[in-house]
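Text of input.cif (mmCIF, C-alpha atoms) as supplied:
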```cif
data_my_file
#
loop_
_atom_site.label_atom_id
_atom_site.label_comp_id
_atom_site.auth_asym_id
_atom_site.auth_seq_id
_atom_site.Cartn_x
_atom_site.Cartn_y
_atom_site.Cartn_z
CA MET A 1 183.48 64.40 151.90
CA ASN A 2 184.53 65.54 148.44
CA THR A 3 182.45 68.22 146.75
CA PRO A 4 180.89 66.94 143.49
CA GLN A 5 182.66 68.30 140.41
CA ARG A 6 179.43 68.56 138.44
CA PHE A 7 175.95 69.83 139.21
CA ILE A 8 173.21 68.17 137.18
CA TYR A 9 169.63 69.30 137.63
CA ALA A 10 167.25 66.52 136.57
CA ASP A 11 164.12 67.39 138.54
CA ASN A 12 162.44 69.87 136.22
CA ALA A 13 158.99 68.42 136.95
CA ALA A 14 159.38 69.70 140.52
CA THR A 15 160.44 73.22 139.58
CA THR A 16 162.77 75.09 137.23
CA PRO A 17 165.16 78.01 137.59
CA VAL A 18 163.85 81.38 136.48
CA SER A 19 165.43 82.21 133.13
CA SER A 20 167.46 85.38 132.76
CA ALA A 21 165.01 86.72 130.16
CA VAL A 22 162.05 86.17 132.50
CA LEU A 23 163.90 87.81 135.39
CA GLN A 24 164.75 90.85 133.27
CA ALA A 25 161.10 91.18 132.22
CA MET A 26 160.01 91.10 135.88
CA LEU A 27 162.58 93.42 137.46
CA PRO A 28 160.99 96.80 136.57
CA TYR A 29 157.74 95.83 138.31
CA PHE A 30 159.36 95.38 141.72
CA CYS A 31 160.73 98.87 142.24
CA GLU A 32 160.17 101.16 139.24
CA GLN A 33 156.75 100.22 137.86
CA PHE A 34 155.32 99.27 141.25
CA GLY A 35 151.85 100.76 140.86
CA ASN A 36 148.69 98.95 141.88
CA PRO A 37 146.89 97.89 138.67
CA SER A 38 143.58 98.95 140.21
CA ALA A 39 144.72 102.57 140.72
CA ILE A 40 143.45 105.18 138.24
CA TYR A 41 146.61 107.32 138.12
CA SER A 42 149.37 106.77 135.57
CA ALA A 43 151.55 104.41 137.64
CA GLY A 44 148.55 102.14 138.16
CA VAL A 45 147.52 102.40 134.53
CA ARG A 46 150.99 101.28 133.41
CA ALA A 47 150.83 98.27 135.71
CA LYS A 48 147.35 97.46 134.42
CA ARG A 49 148.60 97.58 130.84
CA ALA A 50 151.37 95.13 131.72
CA VAL A 51 148.87 92.72 133.28
CA GLU A 52 146.54 92.90 130.29
CA GLN A 53 149.40 92.43 127.82
CA ALA A 54 150.46 89.34 129.78
CA ARG A 55 146.87 88.05 129.62
CA ALA A 56 146.81 88.50 125.85
CA ASP A 57 150.21 86.85 125.37
CA ILE A 58 149.24 83.77 127.36
CA ALA A 59 145.88 83.51 125.61
CA ALA A 60 147.63 83.51 122.23
CA CYS A 61 149.79 80.58 123.33
CA LEU A 62 146.77 78.51 124.37
CA GLY A 63 144.36 79.33 121.55
CA ALA A 64 142.17 81.29 123.98
CA GLN A 65 140.80 84.83 124.21
CA PRO A 66 142.42 87.27 126.68
CA GLU A 67 139.22 87.61 128.71
CA GLU A 68 139.31 83.82 129.29
CA ILE A 69 142.61 83.93 131.21
CA PHE A 70 142.55 84.52 134.98
CA PHE A 71 145.64 84.85 137.15
CA THR A 72 146.04 82.83 140.35
CA SER A 73 148.76 81.89 142.82
CA GLY A 74 149.58 78.70 140.91
CA GLY A 75 148.38 75.29 139.82
CA SER A 76 146.90 74.16 143.13
CA GLU A 77 144.67 77.22 143.43
CA SER A 78 143.64 76.92 139.80
CA ASP A 79 142.70 73.25 140.22
CA ASN A 80 140.70 73.97 143.37
CA TRP A 81 138.91 76.91 141.77
CA ALA A 82 137.99 74.97 138.65
CA ILE A 83 136.73 71.89 140.46
CA LYS A 84 135.04 73.40 143.50
CA GLY A 85 133.76 76.41 141.57
CA VAL A 86 132.02 74.33 138.90
CA ALA A 87 130.78 71.66 141.32
CA ARG A 88 129.19 74.10 143.73
CA ARG A 89 127.61 76.15 140.97
CA LEU A 90 126.12 73.18 139.11
CA ALA A 91 124.98 71.53 142.34
CA GLU A 92 122.26 74.18 142.26
CA GLN A 93 120.96 72.38 139.15
CA GLY A 94 121.08 68.97 140.83
CA LYS A 95 124.38 67.94 139.21
CA LYS A 96 126.45 66.44 142.01
CA HIS A 97 128.54 63.82 140.20
CA LEU A 98 132.18 64.37 139.21
CA VAL A 99 134.67 62.26 137.26
CA THR A 100 138.45 62.20 137.56
CA SER A 101 141.31 59.69 137.31
CA LYS A 102 143.03 57.74 140.05
CA PHE A 103 146.46 59.31 139.52
CA GLU A 104 145.73 63.03 139.45
CA HIS A 105 147.84 65.54 141.36
CA HIS A 106 146.81 65.85 145.00
CA ALA A 107 145.45 69.33 144.30
CA VAL A 108 142.74 67.60 142.25
CA LEU A 109 142.29 64.49 144.37
CA HIS A 110 142.05 66.39 147.65
CA ALA A 111 139.61 68.87 146.13
CA MET A 112 137.48 65.94 145.03
CA ARG A 113 137.62 64.39 148.49
CA ALA A 114 136.58 67.68 150.06
CA LEU A 115 133.57 67.74 147.75
CA GLU A 116 132.72 64.16 148.73
CA GLN A 117 132.36 65.46 152.27
CA GLU A 118 129.80 67.94 150.88
CA GLY A 119 127.71 65.14 149.40
CA PHE A 120 129.13 64.90 145.87
CA SER A 121 129.64 61.53 144.20
CA ILE A 122 133.03 60.93 142.53
CA THR A 123 133.97 58.34 139.90
CA TYR A 124 137.72 57.59 139.69
CA LEU A 125 138.77 56.32 136.26
CA GLN A 126 141.42 53.61 135.89
CA VAL A 127 144.69 54.55 134.20
CA HIS A 128 145.85 50.99 133.52
CA GLU A 129 149.43 49.73 133.28
CA ASN A 130 150.43 52.24 130.61
CA GLY A 131 149.15 55.24 132.59
CA LEU A 132 146.45 56.28 130.13
CA VAL A 133 142.75 56.96 130.57
CA ARG A 134 140.61 55.14 128.02
CA PRO A 135 138.00 57.36 126.33
CA GLU A 136 135.40 54.61 126.26
CA GLU A 137 135.67 54.26 130.05
CA LEU A 138 135.09 57.98 130.47
CA ALA A 139 132.02 57.77 128.22
CA ALA A 140 130.65 54.91 130.33
CA ALA A 141 131.24 56.85 133.57
CA LEU A 142 129.26 59.97 132.57
CA ARG A 143 125.74 60.33 133.96
CA PRO A 144 122.87 62.79 133.54
CA ASP A 145 123.93 64.42 136.84
CA THR A 146 127.65 64.69 135.94
CA ALA A 147 128.82 68.28 136.33
CA LEU A 148 132.53 68.04 135.55
CA CYS A 149 135.30 65.73 134.41
CA SER A 150 138.87 66.59 135.44
CA VAL A 151 141.72 64.62 133.83
CA MET A 152 145.28 65.93 133.85
CA TYR A 153 146.96 66.67 130.54
CA ALA A 154 150.24 65.00 131.48
CA ASN A 155 151.09 63.18 134.67
CA HIS A 156 153.48 64.83 137.09
CA GLU A 157 155.32 61.62 137.99
CA ILE A 158 155.34 59.34 134.95
CA GLY A 159 154.79 61.96 132.23
CA THR A 160 152.06 60.14 130.31
CA ILE A 161 150.08 62.42 127.99
CA GLN A 162 146.33 61.77 127.97
CA PRO A 163 144.09 61.77 124.86
CA ILE A 164 142.78 65.19 125.86
CA ALA A 165 140.99 66.08 122.62
CA GLN A 166 139.04 62.79 122.68
CA LEU A 167 138.15 63.11 126.35
CA GLY A 168 137.07 66.70 125.83
CA ALA A 169 134.95 65.79 122.82
CA ILE A 170 133.11 63.11 124.78
CA CYS A 171 132.36 65.58 127.56
CA ARG A 172 131.25 68.27 125.09
CA GLN A 173 128.86 65.84 123.38
CA ARG A 174 127.35 64.88 126.72
CA GLY A 175 127.04 68.42 128.09
CA VAL A 176 129.70 67.88 130.78
CA LEU A 177 132.34 70.51 131.52
CA PHE A 178 135.94 69.33 131.00
CA HIS A 179 138.88 70.55 133.10
CA THR A 180 142.51 69.58 132.65
CA ASP A 181 145.45 70.21 134.97
CA ALA A 182 148.06 71.20 132.37
CA VAL A 183 150.74 72.30 134.84
CA GLN A 184 153.23 69.79 133.39
CA ALA A 185 152.09 70.18 129.78
CA VAL A 186 152.09 73.91 128.98
CA GLY A 187 155.27 74.70 127.09
CA GLN A 188 156.03 71.00 126.56
CA VAL A 189 153.34 70.14 124.01
CA GLU A 190 151.15 72.10 121.61
CA ILE A 191 147.86 73.11 123.26
CA ASP A 192 144.78 74.63 121.66
CA VAL A 193 141.88 74.83 124.07
CA GLN A 194 139.34 75.29 121.28
CA GLU A 195 140.45 72.38 119.11
CA GLN A 196 140.86 70.12 122.14
CA ASN A 197 137.42 70.82 123.63
CA ILE A 198 138.83 72.13 126.91
CA ASP A 199 136.55 74.21 129.13
CA LEU A 200 138.98 74.91 131.97
CA LEU A 201 142.77 74.55 132.06
CA SER A 202 145.20 75.07 134.96
CA PHE A 203 148.81 76.20 134.51
CA THR A 204 151.67 77.68 136.53
CA GLY A 205 154.93 79.51 135.95
CA HIS A 206 157.59 77.69 137.92
CA LYS A 207 157.48 74.52 135.81
CA LEU A 208 158.65 76.44 132.71
CA HIS A 209 161.39 78.77 133.97
CA GLY A 210 158.96 81.33 135.37
CA PRO A 211 158.38 82.53 138.93
CA LYS A 212 156.87 80.52 141.75
CA GLY A 213 153.59 81.72 143.23
CA CYS A 214 151.97 82.78 139.96
CA GLY A 215 149.76 80.74 137.67
CA GLY A 216 146.47 80.89 135.90
CA LEU A 217 143.18 79.31 134.96
CA TYR A 218 141.65 79.34 131.50
CA ILE A 219 137.85 79.53 131.77
CA ARG A 220 135.99 79.19 128.49
CA ARG A 221 133.64 82.08 127.83
CA GLY A 222 130.19 81.28 129.18
CA VAL A 223 131.35 78.77 131.82
CA ALA A 224 129.91 79.75 135.18
CA LEU A 225 131.64 78.82 138.43
CA GLN A 226 131.63 80.12 141.96
CA ASN A 227 134.46 82.34 143.11
CA LEU A 228 137.02 80.69 145.34
CA ILE A 229 138.47 83.95 146.72
CA ASP A 230 136.12 86.85 147.47
CA GLY A 231 137.12 90.44 148.11
CA GLY A 232 137.78 93.20 145.61
CA GLY A 233 136.84 93.28 141.96
CA GLN A 234 140.15 92.13 140.48
CA GLU A 235 140.30 89.61 137.62
CA MET A 236 137.01 90.78 136.20
CA GLY A 237 135.34 90.25 139.56
CA ARG A 238 136.14 86.54 139.66
CA ARG A 239 139.34 86.31 141.73
CA ALA A 240 140.01 88.91 144.42
CA GLY A 241 143.43 90.12 145.52
CA THR A 242 145.86 92.78 144.33
CA GLU A 243 147.52 91.52 141.18
CA ASN A 244 151.08 90.19 141.40
CA THR A 245 152.23 92.34 138.50
CA ALA A 246 155.86 91.21 138.47
CA GLY A 247 154.83 87.57 138.74
CA ILE A 248 152.22 87.92 136.01
CA VAL A 249 154.70 89.57 133.66
CA GLY A 250 157.21 86.81 134.39
CA LEU A 251 154.59 84.12 133.90
CA ALA A 252 153.68 85.48 130.48
CA ALA A 253 157.31 85.78 129.43
CA ALA A 254 157.93 82.19 130.52
CA VAL A 255 154.86 80.81 128.75
CA ALA A 256 155.69 82.67 125.53
CA ALA A 257 159.30 81.45 125.57
CA ALA A 258 158.30 77.87 126.36
CA CYS A 259 155.66 77.78 123.64
CA SER A 260 158.01 78.98 120.90
CA ASN A 261 159.65 76.24 118.82
CA ILE A 262 158.03 73.51 120.92
CA ALA A 263 158.59 70.81 118.29
CA ALA A 264 162.32 71.46 117.97
CA LYS A 265 162.84 71.56 121.72
CA ALA A 266 160.76 68.43 122.22
CA GLU A 267 162.86 66.57 119.66
CA GLN A 268 166.07 67.64 121.42
CA VAL A 269 164.88 66.68 124.91
CA SER A 270 163.24 63.44 123.72
CA ALA A 271 166.61 62.31 122.33
CA LEU A 272 168.17 62.82 125.76
CA ARG A 273 165.24 61.04 127.42
CA ASN A 274 165.54 58.04 125.10
CA ARG A 275 169.30 57.84 125.67
CA LEU A 276 168.67 57.80 129.41
CA ILE A 277 165.90 55.19 129.18
CA ASP A 278 168.05 52.94 126.99
CA GLY A 279 170.89 53.14 129.51
CA LEU A 280 168.64 52.49 132.49
CA ARG A 281 167.14 49.42 130.83
CA ASP A 282 170.60 47.83 130.84
CA LEU A 283 170.58 47.85 134.64
CA PRO A 284 169.30 44.79 136.52
CA ASP A 285 165.78 44.60 137.94
CA VAL A 286 164.48 47.91 136.62
CA ARG A 287 160.96 48.76 135.42
CA LEU A 288 159.99 51.73 133.23
CA ASN A 289 156.71 53.28 134.38
CA GLY A 290 154.19 54.64 131.91
CA ASP A 291 153.70 54.59 128.17
CA LEU A 292 156.88 55.13 126.17
CA ILE A 293 155.22 56.87 123.20
CA HIS A 294 152.56 59.10 124.81
CA ARG A 295 155.02 60.72 127.18
CA LEU A 296 156.45 64.16 127.96
CA PRO A 297 159.77 64.73 126.19
CA GLY A 298 161.90 64.91 129.34
CA ASN A 299 160.23 62.42 131.66
CA VAL A 300 161.88 59.21 132.84
CA ASN A 301 160.32 57.26 135.71
CA VAL A 302 161.66 53.88 136.75
CA CYS A 303 161.47 51.53 139.72
CA PHE A 304 164.43 49.56 141.03
CA SER A 305 163.60 46.47 143.05
CA GLY A 306 165.11 46.06 146.48
CA ILE A 307 165.96 49.70 147.18
CA ASP A 308 164.35 52.83 148.64
CA GLY A 309 163.75 55.63 146.14
CA GLU A 310 164.39 58.46 148.59
CA ALA A 311 167.70 56.90 149.65
CA LEU A 312 168.62 56.69 145.97
CA ALA A 313 167.74 60.37 145.44
CA LEU A 314 169.84 61.39 148.45
CA MET A 315 172.85 59.41 147.23
CA LEU A 316 172.52 60.98 143.79
CA ASP A 317 172.51 64.37 145.49
CA LEU A 318 175.87 63.52 147.08
CA ARG A 319 177.15 63.03 143.53
CA GLY A 320 175.79 66.42 142.45
CA ILE A 321 172.67 65.11 140.72
CA CYS A 322 169.19 66.43 141.60
CA ALA A 323 166.46 63.86 141.07
CA SER A 324 163.43 62.69 143.03
CA SER A 325 161.55 59.59 144.03
CA GLY A 326 158.24 61.10 142.94
CA SER A 327 156.22 64.30 143.24
CA ALA A 328 157.89 67.04 145.28
CA CYS A 329 154.52 67.57 146.98
CA THR A 330 154.74 64.15 148.68
CA THR A 331 158.47 63.92 149.40
CA GLY A 332 159.06 62.64 152.92
CA SER A 333 155.98 60.44 152.97
CA ASN A 334 156.67 56.79 153.69
CA GLN A 335 153.73 55.79 151.52
CA PRO A 336 154.38 54.53 147.99
CA SER A 337 153.30 56.80 145.15
CA HIS A 338 149.55 56.77 144.50
CA VAL A 339 150.42 57.27 140.82
CA LEU A 340 152.43 54.05 140.64
CA LEU A 341 149.89 52.12 142.68
CA ALA A 342 147.21 53.23 140.19
CA LEU A 343 149.32 51.60 137.44
CA GLY A 344 149.31 48.34 139.38
CA VAL A 345 152.93 48.56 140.54
CA PRO A 346 153.37 46.46 143.73
CA PRO A 347 153.89 48.69 146.80
CA ALA A 348 157.34 47.26 147.58
CA LEU A 349 158.54 48.00 144.05
CA ALA A 350 156.86 51.42 143.99
CA ARG A 351 159.01 52.45 146.96
CA GLY A 352 162.05 52.08 144.70
CA ALA A 353 160.92 54.76 142.24
CA LEU A 354 163.23 57.31 140.65
CA ARG A 355 161.97 60.26 138.59
CA LEU A 356 164.42 62.04 136.30
CA THR A 357 162.98 64.98 134.38
CA LEU A 358 165.12 66.75 131.80
CA SER A 359 164.88 70.09 130.01
CA ASN A 360 166.61 71.67 127.04
CA GLN A 361 169.22 72.95 129.49
CA ASN A 362 170.43 69.40 130.05
CA THR A 363 173.12 67.84 127.88
CA GLN A 364 174.21 64.44 126.64
CA GLU A 365 177.09 64.67 129.11
CA ASP A 366 174.54 65.04 131.93
CA VAL A 367 172.78 61.86 130.83
CA ASP A 368 176.04 59.96 130.54
CA GLU A 369 177.11 61.05 134.03
CA ILE A 370 173.80 59.90 135.51
CA LEU A 371 174.24 56.52 133.83
CA ARG A 372 177.84 56.35 135.05
CA VAL A 373 177.11 56.85 138.74
CA LEU A 374 173.79 54.99 139.05
CA PRO A 375 175.06 51.38 138.88
CA ASP A 376 177.43 51.89 141.81
CA ILE A 377 174.75 53.60 143.94
CA ILE A 378 172.20 50.88 143.21
CA HIS A 379 174.75 48.19 144.08
CA GLN A 380 175.52 49.97 147.36
CA LEU A 381 171.86 50.24 148.32
CA ARG A 382 171.10 46.64 147.45
CA SER A 383 174.11 45.50 149.49
CA MET A 384 172.86 47.17 152.65
CA PRO A 385 171.37 44.80 155.24
#
```
Final structure tokens representation of the file:
Amino acid sequence: MNTPQRFIYADNAATTPVSSAVLQAMLPYFCEQFGNPSAIYSAGVRAKRAVEQARADIAACLGAQPEEIFFTSGGSESDNWAIKGVARRLAEQGKKHLVTSKFEHHAVLHAMRALEQEGFSITYLQVHENGLVRPEELAAALRPDTALCSVMYANHEIGTIQPIAQLGAICRQRGVLFHTDAVQAVGQVEIDVQEQNIDLLSFTGHKLHGPKGCGGLYIRRGVALQNLIDGGGQEMGRRAGTENTAGIVGLAAAVAAACSNIAAKAEQVSALRNRLIDGLRDLPDVRLNGDLIHRLPGNVNVCFSGIDGEALALMLDLRGICASSGSACTTGSNQPSHVLLALGVPPALARGALRLTLSNQNTQEDVDEILRVLPDIIHQLRSMP
């Protein structure tokens, strides 16, 4: 088999390569500045300063205060901490109702299901054909015993951006805490937790050219929630475990880089996205999933009738193109995407999904190559018995 002449990475929603600048920022904290941030001697103090500077840098990017940023192992831990921590704390006040949407990341949905086993009641909001939560439906779902609403900022499969400020305002008016999983959104769109009425926000590093295994949770000052991890007094006594100094430094460097010149980068990547969507729409029996306007700059999600999405992704890989049939967290499952089913996509069609997610490291030539090879692959798959 011939080796592909090109390598095109178009699965940035799954993960991203660590940038050279982020790697350089991290390197000293592996071997030279290796002190434990909890130690009182100078090596520990230097590590502590690096952690606190990272906290301040990330807070500035989100419109938060440094003491409102808490470091975790990534988005899944942050989601679980926010949801379970608030639910279990406010259950003491008789608030045992939670609201979310039907197409959240599994870190949110599985946390909700775990709480259902503890006696909590969950309302799952519709996301409709365009992949958007309607504010009036959230308002109707809230009850006197509602503790928390969790709606993701931007969907991990179809890229639709939710009306976060409106949803947050409704929750604020009704005395309900509002959490958003912003793993896909940080660094892609402008975020201000104060202006957008956000009480808790999850983020991670590896979606924006930072390291895997390091993320964070914004917790608005005054919001009380139970600890998820008990032990030492790290993270202001709220999240135990020796700090991952190198990862935290890399996370902050990645967030700061991603949040600089967001508008210009979004315009560049959106042009590539639109070129790709226009080309895909010329192919037979294809459906674009999700709203075209309220969408992450680099996200393209389509369904092809009569084919298997994972087979399509594997054949693209043979041509040197990395893409996916959906979330990397569910790859290998023979079940159609719960995200697409929530949009009303028929199961048979949902199995033919292809997600292509671009970044500012992609080029017009990348898009043209994808559009060049896809028709032949689709024809091959549809010709198979």
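For the file shown, the residue list from the PyMOL selection byres ((chain A and resi 13-18) around 8) reads Asp11, Asn12, Ser19, Ser20, Val22, Leu23, His156, Glu157, Gln184, His206, Lys207, Leu208, His209, Gly210, Pro211, Ser327, Ala328 and Thr357 of chain A.
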What does the PyMOL selection byres ((chain A and resi 212-227) around 7) select in this file, as JSON, numbers by chain?
{"A": [68, 69, 70, 71, 72, 73, 74, 75, 78, 85, 86, 88, 89, 199, 200, 201, 202, 203, 204, 205, 206, 210, 211, 228, 229, 230, 238, 239, 247, 248, 251]}
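For the residues A:Val302, A:Leu138, A:Ala253, A:Ala50, ranking by smallest atom-to-atom distance to Ala353 in chain A using only C-alpha atoms places A:Val302 first.
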Going by the chain IDs and residue numbers used in this file, which residues fall under the PyMOL selection byres ((chain A and resi 275) around 12)? Write them as a VMD selection string.
chain A and resid 268 to 274 276 to 282 297 to 300 358 363 to 371
Give me the range 243-330 of chain A side of the contact with range 347-352 of chain A, cut-off 12 Å, one line per residue showing its nearest atom pair and distance in Å at one decimal, counting only C-alpha atoms, sorted by chain and residue number, as CSV.
```
residue,atom,partner,partner_atom,distance
A:Asp285,CA,A:Leu349,CA,10.1
A:Val286,CA,A:Gly352,CA,9.4
A:Arg287,CA,A:Leu349,CA,9.0
A:Leu288,CA,A:Ala350,CA,11.2
A:Asn289,CA,A:Ala350,CA,9.8
A:Asn301,CA,A:Gly352,CA,10.5
A:Val302,CA,A:Gly352,CA,8.2
A:Cys303,CA,A:Gly352,CA,5.0
A:Phe304,CA,A:Gly352,CA,5.0
A:Ser305,CA,A:Leu349,CA,5.4
A:Gly306,CA,A:Gly352,CA,7.0
A:Ile307,CA,A:Gly352,CA,5.2
A:Asp308,CA,A:Gly352,CA,4.6
A:Gly309,CA,A:Gly352,CA,4.2
A:Glu310,CA,A:Gly352,CA,7.8
A:Ala311,CA,A:Gly352,CA,8.9
A:Leu312,CA,A:Gly352,CA,8.1
A:Ala313,CA,A:Gly352,CA,10.1
A:Ser324,CA,A:Gly352,CA,10.8
A:Ser325,CA,A:Gly352,CA,7.6
A:Gly326,CA,A:Arg351,CA,9.6
```
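Considering the residues A:Gly290, A:Pro284, A:Lys95, A:Ser76 and counting only C-alpha atoms, Arg355 in chain A has its shortest atom-to-atom contact with A:Gly290.
The nearest approach to Gln126 in chain A among the residues A:Val373, A:Ile262, A:Val151, A:Ala240, with only C-alpha atoms taken into account, belongs to A:Val151.
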Might I get the box with edges along x, y and z of the file that holds all atoms of range 69-75 of chain A listed there, padded by 3 Å on every side, given as centre and edge lengths in Å to one decimal, as JSON?
```
{"center_x": 146.1, "center_y": 80.1, "center_z": 137.0, "size_x": 13.0, "size_y": 15.6, "size_z": 17.6}
```
Within 7 Å of Leu343 in chain A, counting all atoms listed in the file, which residues show up once you throw out same-chain ones fewer than 4 positions away? Write them as a ChimeraX atom specification, please.
/A:127-131,339
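For the pair CA of Gly344 in chain A and CA of Tyr153 in chain A, the interatomic distance is 20.5 Å.
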Every residue with an atom at most 9 Å from (144.0, 84.3, 125.9) (file coordinates; only C-alpha atoms) is what I'm after, so could you write them as a ChimeraX atom specification?
/A:55-69,218
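Reported to one decimal place, the separation of CA of His179 in chain A from CA of Gln196 in chain A is 11.1 Å.
Between CA of Leu27 in chain A and CA of Glu77 in chain A the separation is 24.9 Å.
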Of A:Ala43, A:Thr180, A:Arg174, A:Met236, the one nearest to Ile83 in chain A when counting only C-alpha atoms is A:Thr180
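Between Pro163 in chain A and the residues A:Pro375, A:Gly237, A:His294, A:Asn244, the shortest atom-to-atom distance, using only C-alpha atoms, involves A:His294.
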Check the smallest atom-to-atom distance from each of A:Ala107, A:Val249, A:Val51, A:Ala114 to Glu235 in chain A using all atoms listed in the file, then report the winner.
A:Val51
